[in-house]
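Engineer: Contents of coords-v1.cif (mmCIF, C-alpha atoms and all ligand atoms) are given next:
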```
data_query
#
loop_
_atom_site.label_atom_id
_atom_site.label_comp_id
_atom_site.auth_asym_id
_atom_site.auth_seq_id
_atom_site.Cartn_x
_atom_site.Cartn_y
_atom_site.Cartn_z
CA MET A 1 8.42 -23.49 1.47
CA GLN A 2 8.87 -25.20 4.84
CA ASN A 3 12.39 -26.56 4.50
CA GLU A 4 14.28 -23.45 3.56
CA HIS A 5 15.40 -20.59 5.81
CA TRP A 6 14.82 -17.80 3.29
CA ASP A 7 16.88 -14.67 3.07
CA VAL A 8 13.68 -12.63 2.87
CA ILE A 9 9.99 -13.35 3.21
CA ILE A 10 7.78 -10.68 1.69
CA ILE A 11 4.23 -10.59 3.02
CA GLY A 12 2.02 -9.14 0.28
CA GLY A 13 2.58 -9.36 -3.46
CA GLY A 14 1.17 -6.09 -4.82
CA VAL A 15 3.37 -3.59 -6.65
CA ALA A 16 5.39 -2.75 -3.52
CA GLY A 17 6.10 -6.33 -2.46
CA LEU A 18 6.79 -7.51 -6.01
CA SER A 19 9.16 -4.60 -6.70
CA ALA A 20 11.14 -5.51 -3.59
CA ALA A 21 11.06 -9.18 -4.59
CA LEU A 22 12.33 -8.44 -8.08
CA ILE A 23 15.36 -6.49 -6.82
CA LEU A 24 16.21 -9.03 -4.11
CA ALA A 25 15.77 -12.08 -6.35
CA ARG A 26 17.92 -10.41 -9.01
CA ALA A 27 20.52 -9.83 -6.27
CA ARG A 28 20.49 -13.65 -5.89
CA ARG A 29 18.83 -13.60 -2.48
CA SER A 30 16.34 -16.37 -1.74
CA VAL A 31 12.93 -14.69 -1.67
CA LEU A 32 9.50 -16.04 -0.75
CA VAL A 33 6.46 -13.85 -1.45
CA LEU A 34 3.25 -14.82 0.36
CA ASP A 35 0.32 -13.02 -1.23
CA ALA A 36 -3.41 -13.09 -0.54
CA HIS A 37 -3.77 -11.55 -4.02
CA GLU A 38 -6.29 -8.83 -3.24
CA PRO A 39 -4.51 -5.64 -4.38
CA ARG A 40 -6.23 -2.47 -3.22
CA ASN A 41 -6.98 -1.24 -6.75
CA ARG A 42 -8.38 -4.55 -8.02
CA PHE A 43 -11.83 -2.91 -8.32
CA ALA A 44 -10.60 -0.53 -11.02
CA PRO A 45 -10.41 -1.81 -14.61
CA HIS A 46 -7.66 0.69 -15.47
CA MET A 47 -4.94 2.54 -13.58
CA HIS A 48 -3.53 5.94 -14.45
CA GLY A 49 -0.44 8.03 -13.77
CA VAL A 50 1.77 4.97 -14.13
CA LEU A 51 4.48 5.65 -16.69
CA SER A 52 4.37 3.26 -19.66
CA ARG A 53 1.31 1.52 -18.16
CA ASP A 54 -1.26 4.35 -18.23
CA GLY A 55 -4.68 2.72 -18.64
CA TYR A 56 -3.31 -0.76 -17.93
CA SER A 57 -5.26 -3.19 -15.75
CA PRO A 58 -4.01 -3.33 -12.12
CA LEU A 59 -4.46 -7.10 -12.03
CA ASP A 60 -2.49 -7.50 -15.27
CA LEU A 61 0.34 -5.45 -13.72
CA VAL A 62 0.47 -7.81 -10.75
CA ALA A 63 0.35 -10.84 -13.09
CA ASP A 64 3.31 -9.36 -15.02
CA GLY A 65 5.12 -8.86 -11.71
CA TYR A 66 4.53 -12.49 -10.66
CA ARG A 67 6.05 -13.65 -13.97
CA GLU A 68 9.06 -11.34 -13.70
CA VAL A 69 9.84 -12.34 -10.10
CA ARG A 70 9.47 -16.05 -10.86
CA ALA A 71 11.72 -15.69 -13.93
CA VAL A 72 14.60 -14.77 -11.60
CA ASP A 73 13.85 -17.61 -9.16
CA GLY A 74 11.72 -15.70 -6.66
CA VAL A 75 9.03 -17.95 -5.18
CA ILE A 76 5.45 -16.69 -4.89
CA GLU A 77 2.71 -18.57 -3.03
CA ASN A 78 -0.91 -17.50 -2.79
CA ALA A 79 -1.53 -17.58 0.95
CA ARG A 80 -2.55 -15.19 3.71
CA VAL A 81 -0.11 -14.76 6.59
CA LEU A 82 -1.93 -15.03 9.91
CA ARG A 83 0.97 -14.99 12.38
CA THR A 84 4.47 -13.55 12.53
CA ARG A 85 6.99 -14.00 15.34
CA ARG A 86 10.64 -13.46 16.02
CA ILE A 87 12.83 -16.56 16.30
CA ASP A 88 16.59 -17.09 16.66
CA GLY A 89 18.20 -15.86 13.46
CA GLY A 90 15.12 -14.12 12.08
CA PHE A 91 11.37 -14.57 11.85
CA GLU A 92 8.71 -17.23 11.39
CA VAL A 93 5.42 -16.72 9.58
CA GLU A 94 2.39 -18.99 9.54
CA THR A 95 -0.22 -18.91 6.79
CA ASP A 96 -3.94 -19.64 6.63
CA THR A 97 -3.09 -23.09 5.24
CA GLY A 98 -1.09 -23.88 8.38
CA ALA A 99 2.22 -23.73 6.49
CA ARG A 100 5.21 -22.15 8.24
CA ALA A 101 8.31 -20.51 6.81
CA THR A 102 11.30 -18.74 8.31
CA ALA A 103 13.59 -16.01 7.05
CA ARG A 104 16.44 -13.74 8.08
CA ARG A 105 14.39 -10.65 7.23
CA LEU A 106 10.74 -9.71 6.70
CA ILE A 107 9.26 -7.14 4.35
CA VAL A 108 5.62 -6.34 5.05
CA ALA A 109 3.79 -5.09 1.95
CA THR A 110 0.23 -5.93 2.91
CA GLY A 111 -1.20 -2.52 2.06
CA THR A 112 -4.58 -1.22 3.06
CA ARG A 113 -8.25 -1.60 2.34
CA ASP A 114 -10.74 1.23 1.90
CA ARG A 115 -13.76 1.57 4.18
CA LEU A 116 -16.50 3.31 2.22
CA PRO A 117 -19.48 5.15 3.72
CA ASP A 118 -22.43 2.82 4.12
CA ILE A 119 -24.54 4.17 1.25
CA PRO A 120 -26.40 1.68 -0.97
CA GLY A 121 -24.78 1.37 -4.39
CA LEU A 122 -21.48 2.99 -3.41
CA ALA A 123 -19.48 -0.22 -2.94
CA ASP A 124 -20.97 -1.76 -6.12
CA ALA A 125 -19.58 1.10 -8.23
CA TRP A 126 -16.25 1.36 -6.34
CA GLY A 127 -13.31 1.72 -8.74
CA ARG A 128 -15.52 2.65 -11.68
CA GLY A 129 -18.14 5.42 -11.22
CA VAL A 130 -17.14 5.86 -7.56
CA VAL A 131 -13.47 6.67 -7.08
CA ALA A 132 -11.27 8.52 -4.61
CA CYS A 133 -8.12 9.92 -6.17
CA PRO A 134 -8.09 12.94 -8.51
CA TYR A 135 -4.61 12.00 -9.77
CA CYS A 136 -5.87 8.53 -10.72
CA ASP A 137 -9.27 9.36 -12.20
CA GLY A 138 -9.59 13.16 -12.50
CA TYR A 139 -8.47 13.35 -16.11
CA GLU A 140 -11.17 10.88 -17.18
CA ALA A 141 -13.76 13.01 -15.33
CA ALA A 142 -12.87 16.19 -17.25
CA GLY A 143 -15.90 18.23 -18.24
CA ARG A 144 -18.29 15.81 -16.54
CA ALA A 145 -20.70 16.23 -13.63
CA ILE A 146 -18.57 15.47 -10.56
CA GLY A 147 -19.95 14.76 -7.10
CA VAL A 148 -17.62 15.11 -4.13
CA LEU A 149 -18.90 13.01 -1.25
CA ALA A 150 -17.06 14.82 1.52
CA GLY A 151 -16.44 12.81 4.68
CA SER A 152 -14.76 15.63 6.56
CA VAL A 153 -14.04 19.34 6.30
CA ALA A 154 -10.49 18.45 5.20
CA GLY A 155 -12.07 16.42 2.40
CA LEU A 156 -13.39 19.63 0.83
CA HIS A 157 -9.90 20.10 -0.58
CA LYS A 158 -10.72 17.42 -3.15
CA ALA A 159 -13.27 19.80 -4.69
CA HIS A 160 -10.52 22.41 -5.11
CA MET A 161 -8.28 19.81 -6.77
CA LEU A 162 -11.04 18.70 -9.11
CA ARG A 163 -11.91 22.22 -10.16
CA SER A 164 -9.22 22.11 -12.86
CA TYR A 165 -11.06 19.19 -14.47
CA SER A 166 -14.64 20.41 -14.45
CA ALA A 167 -16.83 23.46 -13.82
CA ASN A 168 -19.69 21.16 -12.83
CA ILE A 169 -18.91 20.10 -9.26
CA THR A 170 -21.31 19.49 -6.40
CA VAL A 171 -20.08 18.83 -2.87
CA PHE A 172 -22.36 16.61 -0.77
CA THR A 173 -21.75 17.65 2.83
CA ALA A 174 -24.06 15.53 5.04
CA LEU A 175 -21.25 13.12 6.07
CA ALA A 176 -18.80 15.94 6.74
CA GLY A 177 -20.94 17.88 9.21
CA PRO A 178 -21.12 21.68 9.40
CA ILE A 179 -18.94 23.43 6.82
CA PRO A 180 -17.06 26.54 8.02
CA GLU A 181 -18.42 29.60 6.24
CA THR A 182 -15.06 30.64 4.74
CA ASP A 183 -14.49 27.17 3.21
CA ARG A 184 -17.96 27.30 1.67
CA LEU A 185 -17.59 30.83 0.33
CA VAL A 186 -14.18 30.13 -1.23
CA LEU A 187 -15.46 27.02 -2.99
CA GLU A 188 -18.59 28.85 -4.17
CA GLU A 189 -16.34 31.62 -5.45
CA ARG A 190 -14.67 28.95 -7.59
CA GLY A 191 -18.05 27.84 -8.98
CA VAL A 192 -18.56 24.78 -6.76
CA ARG A 193 -22.12 24.02 -5.60
CA PHE A 194 -23.16 22.55 -2.23
CA GLU A 195 -25.83 19.97 -1.42
CA HIS A 196 -26.49 19.53 2.29
CA CYS A 197 -29.27 16.91 2.07
CA ALA A 198 -28.15 13.35 2.99
CA VAL A 199 -27.25 11.01 0.14
CA THR A 200 -29.37 7.85 0.38
CA HIS A 201 -28.21 5.87 -2.65
CA VAL A 202 -26.21 5.81 -5.87
CA VAL A 203 -28.30 5.86 -9.05
CA THR A 204 -26.99 3.90 -12.05
CA ASP A 205 -28.21 2.85 -15.45
CA GLY A 206 -26.80 -0.60 -14.81
CA ASP A 207 -23.19 0.03 -15.83
CA SER A 208 -22.58 3.73 -15.15
CA VAL A 209 -23.31 6.11 -12.31
CA THR A 210 -25.97 8.66 -13.33
CA GLY A 211 -26.77 10.41 -10.06
CA LEU A 212 -26.94 10.54 -6.29
CA GLY A 213 -30.32 10.01 -4.67
CA LEU A 214 -31.12 12.29 -1.72
CA ALA A 215 -33.20 11.96 1.45
CA ASP A 216 -35.66 14.56 0.15
CA GLY A 217 -36.55 12.23 -2.74
CA THR A 218 -34.71 14.16 -5.44
CA THR A 219 -31.75 12.97 -7.51
CA THR A 220 -28.72 15.10 -8.43
CA PRO A 221 -27.35 14.10 -11.85
CA ILE A 222 -23.72 13.01 -11.38
CA ASP A 223 -21.36 11.15 -13.72
CA VAL A 224 -18.47 10.46 -11.32
CA VAL A 225 -18.43 10.39 -7.52
CA PHE A 226 -15.22 11.19 -5.65
CA ALA A 227 -15.66 9.63 -2.22
CA GLU A 228 -13.47 9.87 0.88
CA PRO A 229 -13.01 6.29 2.11
CA ALA A 230 -11.11 5.67 5.33
CA PRO A 231 -7.93 3.65 4.73
CA VAL A 232 -7.69 0.66 7.07
CA ALA A 233 -4.16 -0.72 7.48
CA LEU A 234 -3.77 -4.46 6.91
CA ASP A 235 -0.97 -4.39 9.45
CA GLU A 236 -1.54 -7.40 11.69
CA PRO A 237 1.91 -8.88 10.82
CA LEU A 238 3.55 -5.65 12.00
CA ARG A 239 1.41 -5.31 15.13
CA GLN A 240 2.25 -8.88 16.14
CA LEU A 241 5.96 -8.00 16.02
CA GLY A 242 5.40 -4.81 18.03
CA ALA A 243 6.41 -2.30 15.34
CA GLU A 244 6.14 1.28 16.54
CA ARG A 245 3.43 3.49 15.10
CA THR A 246 3.05 7.14 14.27
CA GLU A 247 0.11 9.51 13.79
CA THR A 248 -0.60 10.45 10.15
CA PRO A 249 -3.44 12.40 8.51
CA PHE A 250 -4.92 8.92 7.84
CA GLY A 251 -4.69 7.79 11.47
CA SER A 252 -2.14 5.66 13.30
CA TRP A 253 0.26 3.94 10.87
CA THR A 254 3.48 1.90 11.10
CA ALA A 255 6.49 4.19 11.49
CA VAL A 256 9.40 3.67 9.08
CA ASP A 257 12.63 5.46 8.22
CA ALA A 258 13.39 6.77 4.71
CA PHE A 259 14.31 3.24 3.56
CA GLY A 260 11.30 1.43 5.01
CA ARG A 261 12.92 0.08 8.20
CA THR A 262 10.44 -0.32 11.06
CA SER A 263 11.38 -0.09 14.74
CA VAL A 264 11.72 -3.90 14.79
CA GLU A 265 15.23 -4.93 13.72
CA GLY A 266 15.08 -6.83 10.45
CA VAL A 267 11.46 -5.91 9.63
CA TRP A 268 10.59 -3.51 6.83
CA ALA A 269 7.29 -1.99 5.69
CA VAL A 270 6.73 -0.71 2.15
CA GLY A 271 3.98 0.59 -0.14
CA ASN A 272 0.67 1.38 1.50
CA SER A 273 1.88 -0.51 4.59
CA SER A 274 4.12 2.44 5.35
CA SER A 275 2.33 5.18 3.41
CA PRO A 276 -1.43 4.89 2.83
CA ALA A 277 -1.49 7.62 0.18
CA ALA A 278 1.26 6.09 -1.98
CA LEU A 279 0.10 5.62 -5.56
CA VAL A 280 1.35 2.74 -7.70
CA PRO A 281 4.67 4.28 -8.83
CA ILE A 282 5.43 5.47 -5.29
CA ALA A 283 4.58 2.08 -3.76
CA ALA A 284 6.78 0.35 -6.33
CA GLY A 285 9.58 2.81 -5.58
CA SER A 286 9.36 2.23 -1.85
CA GLY A 287 9.60 -1.54 -2.36
CA ALA A 288 12.67 -1.09 -4.55
CA THR A 289 14.24 1.38 -2.08
CA ALA A 290 13.83 -1.04 0.82
CA ALA A 291 15.21 -3.92 -1.24
CA LEU A 292 18.39 -2.00 -2.10
CA ALA A 293 18.97 -1.01 1.53
CA LEU A 294 18.19 -4.50 2.80
CA ASN A 295 20.54 -6.13 0.33
CA GLY A 296 23.15 -3.58 1.39
CA GLU A 297 22.80 -4.91 4.95
CA PHE A 298 23.31 -8.48 3.74
CA VAL A 299 26.48 -7.43 1.94
CA ALA A 300 27.63 -5.63 5.09
CA VAL A 301 27.09 -8.84 7.10
CA ASP A 302 29.27 -10.81 4.71
CA VAL A 303 31.96 -8.14 4.66
CA ALA A 304 31.95 -7.91 8.47
CA ALA A 305 32.17 -11.70 8.80
CA ALA A 306 35.06 -11.90 6.34
CA THR A 307 36.81 -9.03 8.07
CA ALA A 308 36.40 -10.77 11.43
CA ARG A 309 37.83 -13.99 9.97
CA VAL A 310 40.80 -12.13 8.57
CA ASP A 311 41.37 -10.40 11.91
CA ALA A 312 41.01 -13.71 13.76
CA ALA A 313 43.42 -15.47 11.42
CA ARG A 314 45.94 -12.70 11.98
CA ALA A 315 45.50 -12.97 15.73
CA GLY A 316 45.47 -16.77 15.60
CA GLY A 317 42.01 -17.11 17.22
CA SER A 318 38.39 -17.77 16.12
CA SER A 319 36.07 -15.00 14.88
CA ASP A 320 32.57 -13.88 15.88
CA ALA A 321 31.43 -14.99 12.42
CA ASP A 322 32.76 -18.49 13.01
CA ARG A 323 30.68 -18.63 16.20
CA GLY A 324 27.53 -17.75 14.16
CA LEU A 325 27.13 -14.11 15.16
CA GLY A 326 27.21 -12.71 11.63
CA ASP A 327 23.58 -11.60 11.63
CA ALA A 328 23.92 -9.87 14.97
CA THR A 329 26.44 -7.65 13.22
CA ALA A 330 23.82 -6.78 10.60
CA PHE A 331 21.29 -5.80 13.21
CA SER A 332 23.70 -3.53 15.01
CA LEU A 333 24.78 -2.01 11.70
CA SER A 334 21.19 -1.16 10.83
CA ALA A 335 20.58 0.22 14.31
CA GLU A 336 23.58 2.51 13.94
CA ARG A 337 22.21 3.88 10.67
CA ARG A 338 18.83 4.81 12.10
C1 LIG B 401 -10.21 2.09 -6.60
C2 LIG B 401 -8.75 2.46 -6.62
C3 LIG B 401 -8.15 2.92 -7.76
C4 LIG B 401 -6.81 3.26 -7.79
N1 LIG B 401 -6.28 3.74 -8.93
C5 LIG B 401 -4.96 4.06 -8.97
C6 LIG B 401 -4.40 4.59 -10.18
O1 LIG B 401 -5.09 4.77 -11.18
N2 LIG B 401 -3.08 4.91 -10.17
C7 LIG B 401 -2.30 4.73 -9.05
O2 LIG B 401 -1.10 5.02 -9.11
N3 LIG B 401 -2.82 4.24 -7.89
C8 LIG B 401 -4.13 3.89 -7.83
N4 LIG B 401 -4.66 3.39 -6.66
C9 LIG B 401 -3.78 3.18 -5.50
C10 LIG B 401 -3.15 1.76 -5.56
O3 LIG B 401 -4.15 0.84 -5.30
C11 LIG B 401 -2.02 1.64 -4.54
O4 LIG B 401 -1.04 2.62 -4.81
C12 LIG B 401 -1.32 0.28 -4.61
O5 LIG B 401 -2.25 -0.77 -4.59
C13 LIG B 401 -0.36 0.12 -3.42
O6 LIG B 401 0.39 -1.04 -3.62
P1 LIG B 401 0.81 -1.98 -2.39
O7 LIG B 401 1.67 -3.04 -2.99
O8 LIG B 401 1.31 -1.18 -1.27
O9 LIG B 401 -0.57 -2.64 -1.87
P2 LIG B 401 -1.58 -3.60 -2.63
O10 LIG B 401 -1.55 -3.35 -4.10
O11 LIG B 401 -2.89 -3.44 -1.95
O12 LIG B 401 -0.98 -5.04 -2.39
C14 LIG B 401 -1.00 -5.63 -1.09
C15 LIG B 401 -1.07 -7.13 -1.26
O13 LIG B 401 -0.87 -7.75 0.01
C16 LIG B 401 -1.83 -8.77 0.17
N5 LIG B 401 -2.03 -9.03 1.61
C17 LIG B 401 -2.65 -8.27 2.53
N6 LIG B 401 -2.60 -8.86 3.75
C18 LIG B 401 -1.92 -10.02 3.58
C19 LIG B 401 -1.52 -11.06 4.45
N7 LIG B 401 -1.81 -11.03 5.77
N8 LIG B 401 -0.85 -12.12 3.94
C20 LIG B 401 -0.52 -12.17 2.60
N9 LIG B 401 -0.88 -11.18 1.73
C21 LIG B 401 -1.55 -10.13 2.22
C22 LIG B 401 -3.06 -8.20 -0.51
O14 LIG B 401 -4.01 -9.23 -0.77
C23 LIG B 401 -2.45 -7.59 -1.75
O15 LIG B 401 -2.30 -8.55 -2.78
C24 LIG B 401 -6.02 3.10 -6.62
C25 LIG B 401 -6.62 2.64 -5.43
C26 LIG B 401 -7.98 2.32 -5.43
C27 LIG B 401 -8.62 1.84 -4.16
#
```
As structure tokens, what does this structure read like?
Structural biologist:
Amino acid sequence: MQNEHWDVIIIGGGVAGLSAALILARARRSVLVLDAHEPRNRFAPHMHGVLSRDGYSPLDLVADGYREVRAVDGVIENARVLRTRRIDGGFEVETDTGARATARRLIVATGTRDRLPDIPGLADAWGRGVVACPYCDGYEAAGRAIGVLAGSVAGLHKAHMLRSYSANITVFTALAGPIPETDRLVLEERGVRFEHCAVTHVVTDGDSVTGLGLADGTTTPIDVVFAEPAPVALDEPLRQLGAERTETPFGSWTAVDAFGRTSVEGVWAVGNSSSPAALVPIAAGSGATAALALNGEFVAVDVAAATARVDAARAGGSSDADRGLGDATAFSLSAERR
């Protein structure tokens, strides 16, 4: 890990980072993936909406990805990157084990973690009876008693989305604050109930959620809770490099172009690192998209260097590429494309 100047270091080996790694390793680039191995959806036993893997375990998907990347000579190490910095010719990263590695390019695929409301029992059931995403877990909640733990007025929209799965929906509003009358009336018109008393705890029968306990001492029977956790970007590697940010509905996030390029030349962000709402197939797609574009830049570097050598030979002089400026060409090429 320490002796090689890699073509690409990928920080984070979830679906986004591994998808990028697979493409780049198959393109015969030297790839090092450094992964703390805590994918966001590790709390869920099954994932959904993932073609050909519906109901598959998220951790098994990552294990498959490790095998596939290693089979084409990608290198994966379990380590957490603590520091990133720009050096001549690329970037250096340092891990929690004190190891250092350098590369021409960096892909950051560190994702996000979810900050849940501080309600006893909520975190224990996270990914099973307490979930967040109707597209991931709505189908399994069909016909059941659904509780929407709204964290904001905007979060009421989840109740509208879930209405196609169940007629038995209660919105718990205490965390969201006052609900505008029109929002309440429209939801009630669609058969959704409201509970304004504060939720104090999640009630379970050991394995499954059975209700939400309230401050007035009562319990509302609930089978599945749809919460509204705040996504927290695990973006320290990008912040250390000074990547520009942009405002999103989820707060300030790293800004990227359509291919995943950040404002820092040579640094890319994919998956939840660039889009906190990206589900598994979208995160995988963004990793693959970035890998194709990044490999295209490498090819452009080689073509530019060869062209410069041909031009120099014709003119009888030495080329920029011969003086080691090949990668500078790549950076200016990518800047022109932005
Ligand atoms: C409970 C739950 C259930 C979900 N269910 C579904 C579902 O059914 N279907 C679906 O499509 N989506 C689902 N999702 C969304 C899914 O989790 C994301 O789409 C997916 O994880 C994004 O992939 P990623 O590669 O961007 O990030 P992640 O999968 O989170 O991978 C990021 C990786 O980077 C590592 N990392 C972070 N920081 C560092 C660092 N400094 N150094 C090294 N490594 C680092 C992490 O440990 C992790 O291994 C669910 C999410 C949650 C929370």
Engineer: Return as a count of residues only the residues of protein, DNA or RNA that approach ligand LIG 401 (chain B) to within 6 Å, with all atoms listed in the file taken into account.
Structural biologist: 41
Engineer: Could you check which of A:Leu61, A:Val108, A:Cys133, A:Ala313 is closest to A:His157, using all atoms listed in the file?
Structural biologist: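 For A:His157, the nearest of the candidates is A:Cys133.
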Engineer: In the coordinate frame of the file, compute which residues have an atom within 12 Å of (9.4, 2.9, 5.3) when using only C-alpha atoms, and state them as a ChimeraX atom specification.
Structural biologist: /A:16,107-109,243-246,253-264,267-276,278,282-283,285-291,293-294,338
Engineer: Go through A:Leu22, A:Val31, A:Ile9, A:Val202 and flag the residue nearest A:Arg67, using all atoms listed in the file for the distances.
Structural biologist: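 Closest to A:Arg67 of all the choices is A:Leu22.
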Engineer: Please return, as a list in words, all polymer residues that have at least one atom within 10 Å of the point (-32.3, 8.0, -14.4); use only C-alpha atoms and the file's own coordinate frame.
Structural biologist: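 Here is the list of nearby residues: Val203, Thr204, Asp205, Val209, Thr210, Gly211, Thr219, Thr220 and Pro221 of chain A.
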Engineer: With all atoms listed in the file as the counted atoms, please give the residues lying no more than 10 Å from A:Leu24, apart from itself and same-chain residues fewer than 2 positions off, as number ranges by chain.
Structural biologist: A: 7-8, 18-22, 26-31, 69, 72, 74, 288, 290-292, 294-295
Engineer: Name the closest residue to A:Leu156 among the candidates A:Asp73, A:Asp223, A:Asp88, A:Glu228; distances are taken between atoms, counting only C-alpha atoms.
Structural biologist: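 Nearest to A:Leu156: A:Glu228.
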Engineer: When you draw a straight line from atom CA of A:Gln240 to atom CA of A:Val75, how long is it in Å?
Structural biologist: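 Value for the atom CA of A:Gln240-atom CA of A:Val75 distance: 24.1 Å.
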Engineer: Complete the atom set of stretch 102-116 of chain A to N, CA and C atoms and return it as a PDB file, keeping the file's coordinate frame.
Structural biologist:
```pdb
ATOM      1  N   THR A 102      10.424 -19.625   7.529  1.00  0.00           N
ATOM      2  CA  THR A 102      11.300 -18.740   8.310  1.00  0.00           C
ATOM      3  C   THR A 102      12.233 -17.977   7.385  1.00  0.00           C
ATOM      4  N   ALA A 103      12.697 -16.841   7.865  1.00  0.00           N
ATOM      5  CA  ALA A 103      13.590 -16.010   7.050  1.00  0.00           C
ATOM      6  C   ALA A 103      14.457 -15.148   7.945  1.00  0.00           C
ATOM      7  N   ARG A 104      15.574 -14.661   7.350  1.00  0.00           N
ATOM      8  CA  ARG A 104      16.440 -13.740   8.080  1.00  0.00           C
ATOM      9  C   ARG A 104      15.774 -12.386   8.242  1.00  0.00           C
ATOM     10  N   ARG A 105      15.020 -11.974   7.224  1.00  0.00           N
ATOM     11  CA  ARG A 105      14.390 -10.650   7.230  1.00  0.00           C
ATOM     12  C   ARG A 105      12.946 -10.757   6.749  1.00  0.00           C
ATOM     13  N   LEU A 106      12.139  -9.777   7.157  1.00  0.00           N
ATOM     14  CA  LEU A 106      10.740  -9.710   6.700  1.00  0.00           C
ATOM     15  C   LEU A 106      10.480  -8.358   6.053  1.00  0.00           C
ATOM     16  N   ILE A 107       9.807  -8.378   4.912  1.00  0.00           N
ATOM     17  CA  ILE A 107       9.260  -7.140   4.350  1.00  0.00           C
ATOM     18  C   ILE A 107       7.741  -7.273   4.369  1.00  0.00           C
ATOM     19  N   VAL A 108       7.087  -6.318   4.999  1.00  0.00           N
ATOM     20  CA  VAL A 108       5.620  -6.340   5.050  1.00  0.00           C
ATOM     21  C   VAL A 108       5.099  -5.349   4.006  1.00  0.00           C
ATOM     22  N   ALA A 109       4.325  -5.891   3.067  1.00  0.00           N
ATOM     23  CA  ALA A 109       3.790  -5.090   1.950  1.00  0.00           C
ATOM     24  C   ALA A 109       2.314  -5.422   1.771  1.00  0.00           C
ATOM     25  N   THR A 110       1.617  -5.456   2.910  1.00  0.00           N
ATOM     26  CA  THR A 110       0.230  -5.930   2.910  1.00  0.00           C
ATOM     27  C   THR A 110      -0.775  -4.843   2.535  1.00  0.00           C
ATOM     28  N   GLY A 111      -0.347  -3.598   2.559  1.00  0.00           N
ATOM     29  CA  GLY A 111      -1.200  -2.520   2.060  1.00  0.00           C
ATOM     30  C   GLY A 111      -2.361  -2.174   2.962  1.00  0.00           C
ATOM     31  N   THR A 112      -3.431  -1.744   2.335  1.00  0.00           N
ATOM     32  CA  THR A 112      -4.580  -1.220   3.060  1.00  0.00           C
ATOM     33  C   THR A 112      -5.859  -1.608   2.326  1.00  0.00           C
ATOM     34  N   ARG A 113      -6.963  -1.512   3.034  1.00  0.00           N
ATOM     35  CA  ARG A 113      -8.250  -1.600   2.340  1.00  0.00           C
ATOM     36  C   ARG A 113      -9.012  -0.318   2.618  1.00  0.00           C
ATOM     37  N   ASP A 114     -10.019  -0.039   1.788  1.00  0.00           N
ATOM     38  CA  ASP A 114     -10.740   1.230   1.900  1.00  0.00           C
ATOM     39  C   ASP A 114     -12.125   0.988   2.484  1.00  0.00           C
ATOM     40  N   ARG A 115     -12.427   1.699   3.591  1.00  0.00           N
ATOM     41  CA  ARG A 115     -13.760   1.570   4.180  1.00  0.00           C
ATOM     42  C   ARG A 115     -14.633   2.704   3.648  1.00  0.00           C
ATOM     43  N   LEU A 116     -15.628   2.315   2.853  1.00  0.00           N
ATOM     44  CA  LEU A 116     -16.500   3.310   2.220  1.00  0.00           C
ATOM     45  C   LEU A 116     -17.675   3.650   3.137  1.00  0.00           C
TER      46      LEU A 116
END
```
